[in-house]
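*Asks:* Here it is: the structure, laid out below.
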Amino acid sequence: MHILGISGSPRKGNTEWMVARLLDVLAESGHSTEIILLRKLNIRNCNGCLACDIGGKDRKGVCKIRDDMQDIYPKLIEADIIILGTPVYFDMLSGMLKNFMDRTCAIWPKLEGKKLAGIAVAEEGIGKAVDNLKTYANICSMEWAGQVTALAKLPRAVAGDAALNARIRKLAKKLDDQRY
């Protein structure tokens with residue numbers, strides 16, 4: 001399988017570490033993995049023009065905004081499993097990840113049937129962040145495959161958490177198991 005991880009954090013920290021760790025564990029089972037760090041890309045906001053609307057008159061299924069999303073669309077379509085990672089801000093997703101999700105409007109019908117897993121990291125509480133990811137999966141007709149969450153205040157604080165590492169391995173096993 002090909003597994004694509006997306007880190008929606010503006011900094012190199014806990015979210016990125018958790019997404020990368022999950023991908024590393026999955027790679028141990030022989031899967032092809034790739035991580036995309038949204039913080040390093042130029043992804044403009046969706047402007048709601050509807051040019052990508054599958055039923056629209058304009059360029060069906062193609063976003064007219066030219067930025068780094070053009071390189072990500074084929075990777076999303078090719079992936080068997082997509083992992084979305086986010087820090088939690090005001091009990092919700094990061095704006096960076098939400099913007100990315102908005103920009104997948106051009107290809108969302110092509111995401112149908114893919115597995116989606118979530119990673120969320122907060123200082124005090126996960127809030128609705130995982131629910132936001134599940135809603136996205138539902139809208140795109142993707143199969144929700146599970147999540148791992150953590151509480152941490154300092155960057156990379158999660159790296160030494162043995163219990164968290166065990167939960168990451170458990171999710172990796174679930175993603176690796178075709179019977180779930």
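By order of appearance in the structure tokens: chains A, B, ..., then residues from 1 within every chain, and ligands from 1 in the order shown.
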Got a sec: who's within 12 Å of range 142-147 of chain A, counting only C-alpha atoms, leaving out chain neighbours fewer than 4 positions off, as a ChimeraX atom specification?

*Replies:* /A:18-19,22,80-86,108-121,126,129-138,164,167-180

*Asks:* Based on the selection just made, write C-alpha atoms of those residues as a compact mmCIF listing (two decimals), in the first residue's frame.

*Replies:*
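See selection34.txt below for the written result:
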# COMPACT_ATOMS: atom_id res chain seq x y z
CA MET A 18 3.67 11.69 15.42
CA VAL A 19 2.81 11.60 11.70
CA LEU A 22 3.31 6.40 12.32
CA ASP A 80 -4.43 3.98 -0.31
CA ILE A 81 -4.37 5.53 3.16
CA ILE A 82 -4.17 9.20 4.10
CA ILE A 83 -3.10 10.35 7.55
CA LEU A 84 -3.98 13.92 8.54
CA GLY A 85 -2.12 15.42 11.49
CA THR A 86 -3.06 18.64 13.25
CA TRP A 108 -12.87 14.86 -3.34
CA PRO A 109 -14.86 12.33 -5.41
CA LYS A 110 -11.55 10.59 -6.19
CA LEU A 111 -10.91 10.15 -2.46
CA GLU A 112 -13.97 7.95 -2.01
CA GLY A 113 -13.22 4.59 -0.42
CA LYS A 114 -9.73 5.54 0.79
CA LYS A 115 -8.87 5.05 4.45
CA LEU A 116 -8.30 8.16 6.57
CA ALA A 117 -6.59 8.25 9.96
CA GLY A 118 -6.05 11.24 12.20
CA ILE A 119 -3.44 12.62 14.55
CA ALA A 120 -4.23 15.48 16.92
CA VAL A 121 -2.03 17.14 19.53
CA ILE A 126 -8.41 17.66 21.86
CA ALA A 129 -10.37 18.30 16.18
CA VAL A 130 -10.89 14.55 15.70
CA ASP A 131 -14.58 15.15 15.02
CA ASN A 132 -13.52 17.66 12.34
CA LEU A 133 -11.36 14.97 10.70
CA LYS A 134 -14.19 12.41 10.89
CA THR A 135 -16.57 14.91 9.28
CA TYR A 136 -14.10 15.41 6.43
CA ALA A 137 -13.84 11.62 5.98
CA ASN A 138 -17.63 11.35 5.88
CA LEU A 164 1.92 7.09 23.01
CA ARG A 167 -0.84 3.67 20.61
CA ILE A 168 0.91 4.67 17.38
CA ARG A 169 1.97 1.05 16.84
CA LYS A 170 -1.60 -0.11 17.55
CA LEU A 171 -2.99 2.26 14.91
CA ALA A 172 -0.29 1.15 12.45
CA LYS A 173 -1.30 -2.47 13.01
CA LYS A 174 -4.94 -1.57 12.40
CA LEU A 175 -4.03 0.27 9.19
CA ASP A 176 -1.88 -2.67 8.11
CA ASP A 177 -4.67 -5.17 8.78
CA GLN A 178 -6.88 -5.50 5.70
CA ARG A 179 -9.67 -7.15 7.73
CA TYR A 180 -10.68 -4.16 9.85

*Asks:* Quick check for you: according to DSSP on this backbone, which residues of range 81-172 of chain A are classed as strand (DSSP E or B)? Reply as an MDAnalysis selection string.

*Replies:* chainID A and resid 81:87 89 92 115:122 143:151

*Asks:* Selection from above, N, CA and C atoms, as an mmCIF file, in the first residue's frame, can you write it?

*Replies:*
data_model
loop_
_atom_site.group_PDB
_atom_site.id
_atom_site.type_symbol
_atom_site.label_atom_id
_atom_site.label_comp_id
_atom_site.auth_asym_id
_atom_site.auth_seq_id
_atom_site.Cartn_x
_atom_site.Cartn_y
_atom_site.Cartn_z
ATOM 1 N N ILE A 81 -4.036 5.015 1.833
ATOM 2 C CA ILE A 81 -4.370 5.534 3.162
ATOM 3 C C ILE A 81 -3.808 6.943 3.270
ATOM 4 N N ILE A 82 -4.605 7.837 3.850
ATOM 5 C CA ILE A 82 -4.168 9.204 4.098
ATOM 6 C C ILE A 82 -4.234 9.442 5.600
ATOM 7 N N ILE A 83 -3.166 10.011 6.136
ATOM 8 C CA ILE A 83 -3.101 10.354 7.552
ATOM 9 C C ILE A 83 -3.025 11.872 7.638
ATOM 10 N N LEU A 84 -3.972 12.470 8.350
ATOM 11 C CA LEU A 84 -3.980 13.918 8.536
ATOM 12 C C LEU A 84 -3.609 14.224 9.979
ATOM 13 N N GLY A 85 -2.570 15.033 10.161
ATOM 14 C CA GLY A 85 -2.124 15.417 11.492
ATOM 15 C C GLY A 85 -2.330 16.895 11.727
ATOM 16 N N THR A 86 -2.805 17.241 12.930
ATOM 17 C CA THR A 86 -3.056 18.644 13.245
ATOM 18 C C THR A 86 -2.756 18.963 14.698
ATOM 19 N N PRO A 87 -2.185 20.137 14.933
ATOM 20 C CA PRO A 87 -2.224 20.654 16.297
ATOM 21 C C PRO A 87 -3.644 21.169 16.535
ATOM 22 N N TYR A 89 -6.094 24.022 17.851
ATOM 23 C CA TYR A 89 -6.208 25.442 18.184
ATOM 24 C C TYR A 89 -7.676 25.738 18.456
ATOM 25 N N MET A 92 -10.154 23.032 17.729
ATOM 26 C CA MET A 92 -10.398 22.638 16.336
ATOM 27 C C MET A 92 -9.076 22.383 15.604
ATOM 28 N N LYS A 115 -8.876 5.027 2.984
ATOM 29 C CA LYS A 115 -8.866 5.046 4.445
ATOM 30 C C LYS A 115 -8.252 6.363 4.919
ATOM 31 N N LEU A 116 -8.814 6.923 5.983
ATOM 32 C CA LEU A 116 -8.304 8.156 6.570
ATOM 33 C C LEU A 116 -8.093 7.949 8.059
ATOM 34 N N ALA A 117 -6.909 8.296 8.528
ATOM 35 C CA ALA A 117 -6.591 8.248 9.959
ATOM 36 C C ALA A 117 -6.183 9.645 10.403
ATOM 37 N N GLY A 118 -6.343 9.912 11.686
ATOM 38 C CA GLY A 118 -6.052 11.237 12.205
ATOM 39 C C GLY A 118 -5.084 11.242 13.361
ATOM 40 N N ILE A 119 -4.347 12.344 13.435
ATOM 41 C CA ILE A 119 -3.435 12.616 14.548
ATOM 42 C C ILE A 119 -3.782 14.009 15.044
ATOM 43 N N ALA A 120 -3.950 14.164 16.357
ATOM 44 C CA ALA A 120 -4.229 15.481 16.921
ATOM 45 C C ALA A 120 -3.436 15.656 18.211
ATOM 46 N N VAL A 121 -2.838 16.834 18.357
ATOM 47 C CA VAL A 121 -2.031 17.145 19.531
ATOM 48 C C VAL A 121 -2.482 18.481 20.099
ATOM 49 N N ALA A 122 -2.709 18.502 21.420
ATOM 50 C CA ALA A 122 -3.163 19.732 22.071
ATOM 51 C C ALA A 122 -2.419 19.936 23.381
ATOM 52 N N GLU A 143 -13.216 6.000 4.463
ATOM 53 C CA GLU A 143 -13.397 5.110 5.602
ATOM 54 C C GLU A 143 -12.544 5.600 6.767
ATOM 55 N N TRP A 144 -13.179 5.959 7.874
ATOM 56 C CA TRP A 144 -12.430 6.397 9.055
ATOM 57 C C TRP A 144 -11.708 5.201 9.640
ATOM 58 N N ALA A 145 -10.382 5.319 9.800
ATOM 59 C CA ALA A 145 -9.566 4.189 10.221
ATOM 60 C C ALA A 145 -9.031 4.310 11.644
ATOM 61 N N GLY A 146 -9.261 5.425 12.297
ATOM 62 C CA GLY A 146 -8.812 5.575 13.678
ATOM 63 C C GLY A 146 -7.948 6.799 13.876
ATOM 64 N N GLN A 147 -7.586 7.011 15.136
ATOM 65 C CA GLN A 147 -6.801 8.190 15.466
ATOM 66 C C GLN A 147 -5.884 7.920 16.640
ATOM 67 N N VAL A 148 -4.898 8.784 16.765
ATOM 68 C CA VAL A 148 -4.040 8.833 17.945
ATOM 69 C C VAL A 148 -3.994 10.296 18.362
ATOM 70 N N THR A 149 -4.218 10.545 19.639
ATOM 71 C CA THR A 149 -4.170 11.910 20.160
ATOM 72 C C THR A 149 -3.157 11.983 21.292
ATOM 73 N N ALA A 150 -2.697 13.191 21.558
ATOM 74 C CA ALA A 150 -1.724 13.389 22.633
ATOM 75 C C ALA A 150 -1.860 14.791 23.196
ATOM 76 N N LEU A 151 -1.447 14.925 24.442
ATOM 77 C CA LEU A 151 -1.365 16.236 25.076
ATOM 78 C C LEU A 151 0.109 16.559 25.291
#

*Asks:* Counting only C-alpha atoms, which of A:Val88, A:Arg66, A:Leu97, A:Ile43 gets nearest to Ile6 in chain A?

*Replies:* A:Leu97

*Asks:* Write out as a PyMOL selection string which residues come within 12 Å of Lys75 in chain A when counting only C-alpha atoms, dropping same-chain ones fewer than 5 positions away.

*Replies:* chain A and resi 2-6+32-36+68-70+80-82+104+107+110-111

*Asks:* Which residue out of A:Ala163, A:Lys40, A:Ala79, A:Gly125 has the minimum interatomic distance to Arg11 in chain A when only C-alpha atoms are used?

*Replies:*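 Of A:Ala163, A:Lys40, A:Ala79, A:Gly125, the one nearest Arg11 in chain A is A:Lys40, counting only C-alpha atoms.
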
*Asks:* To one decimal place, how far is CA of Cys63 in chain A from CA of Ala106 in chain A in Å?

*Replies:* 5.6 Å

*Asks:* May I ask which of the residues A:Ile139, A:Ser94, A:Asp102, A:Ser7 is the closest one to Arg21 in chain A, counting only C-alpha atoms?

*Replies:*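 Ranking A:Ile139, A:Ser94, A:Asp102, A:Ser7 by distance to Arg21 in chain A, first place goes to A:Ser7.
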
*Asks:* Could you check how far CA of Asp161 in chain A sits from CA of Phe100 in chain A, in Å to one decimal?

*Replies:*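 A separation of 29.0 Å between them.
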
*Asks:* Point out the residue among A:Gly13, A:Asn45, A:Asp24, A:Gly8 with the least atom-to-atom distance to Lys153 in chain A, counting only C-alpha atoms.

*Replies:*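 Smallest separation from Lys153 in chain A among the options: A:Gly13.
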
*Asks:* Using only C-alpha atoms for the distances, tell me which of A:Met96, A:Ala157, A:Ile65, A:Ile77 is nearest to Ala51 in chain A.

*Replies:*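 Of A:Met96, A:Ala157, A:Ile65, A:Ile77, the one nearest Ala51 in chain A is A:Ile65, counting only C-alpha atoms.
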
*Asks:* In Å, rounded to a single decimal, give me how far CA of Ser141 in chain A is from CA of Gly61 in chain A.

*Replies:* 16.6 Å

*Asks:* Determine, counting only C-alpha atoms, which protein, DNA and RNA residues have an atom within 9 Å of an atom of Asp67 in chain A; residues of the same chain fewer than 6 positions away are not included. Present the result as an MDAnalysis selection string.

*Replies:* chainID A and resid 41:44

*Asks:* Could those selected residues go to a file with N, CA and C atoms, as a JSON list (two decimals), in the first residue's frame?

*Replies:*
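Wrote part_17.json, looks like this:
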[["chain", "number", "residue", "atom", "x", "y", "z"],
["A", 41, "LEU", "N", 5.08, 24.49, 2.25],
["A", 41, "LEU", "CA", 4.47, 24.64, 0.93],
["A", 41, "LEU", "C", 3.71, 25.95, 0.80],
["A", 42, "ASN", "N", 3.51, 26.34, -0.44],
["A", 42, "ASN", "CA", 2.68, 27.50, -0.76],
["A", 42, "ASN", "C", 1.32, 26.98, -1.20],
["A", 43, "ILE", "N", 0.36, 27.04, -0.29],
["A", 43, "ILE", "CA", -0.99, 26.60, -0.59],
["A", 43, "ILE", "C", -1.93, 27.76, -0.29],
["A", 44, "ARG", "N", -2.44, 28.34, -1.34],
["A", 44, "ARG", "CA", -3.33, 29.50, -1.19],
["A", 44, "ARG", "C", -4.72, 29.07, -0.73]]

*Asks:* Taking the DSSP secondary structure from the backbone, can you list the residues of range 41-175 of chain A that are helix (DSSP H, G or I), as a PyMOL selection string?

*Replies:* chain A and resi 69-78+95-106+108-111+129-139+157-160+162-175
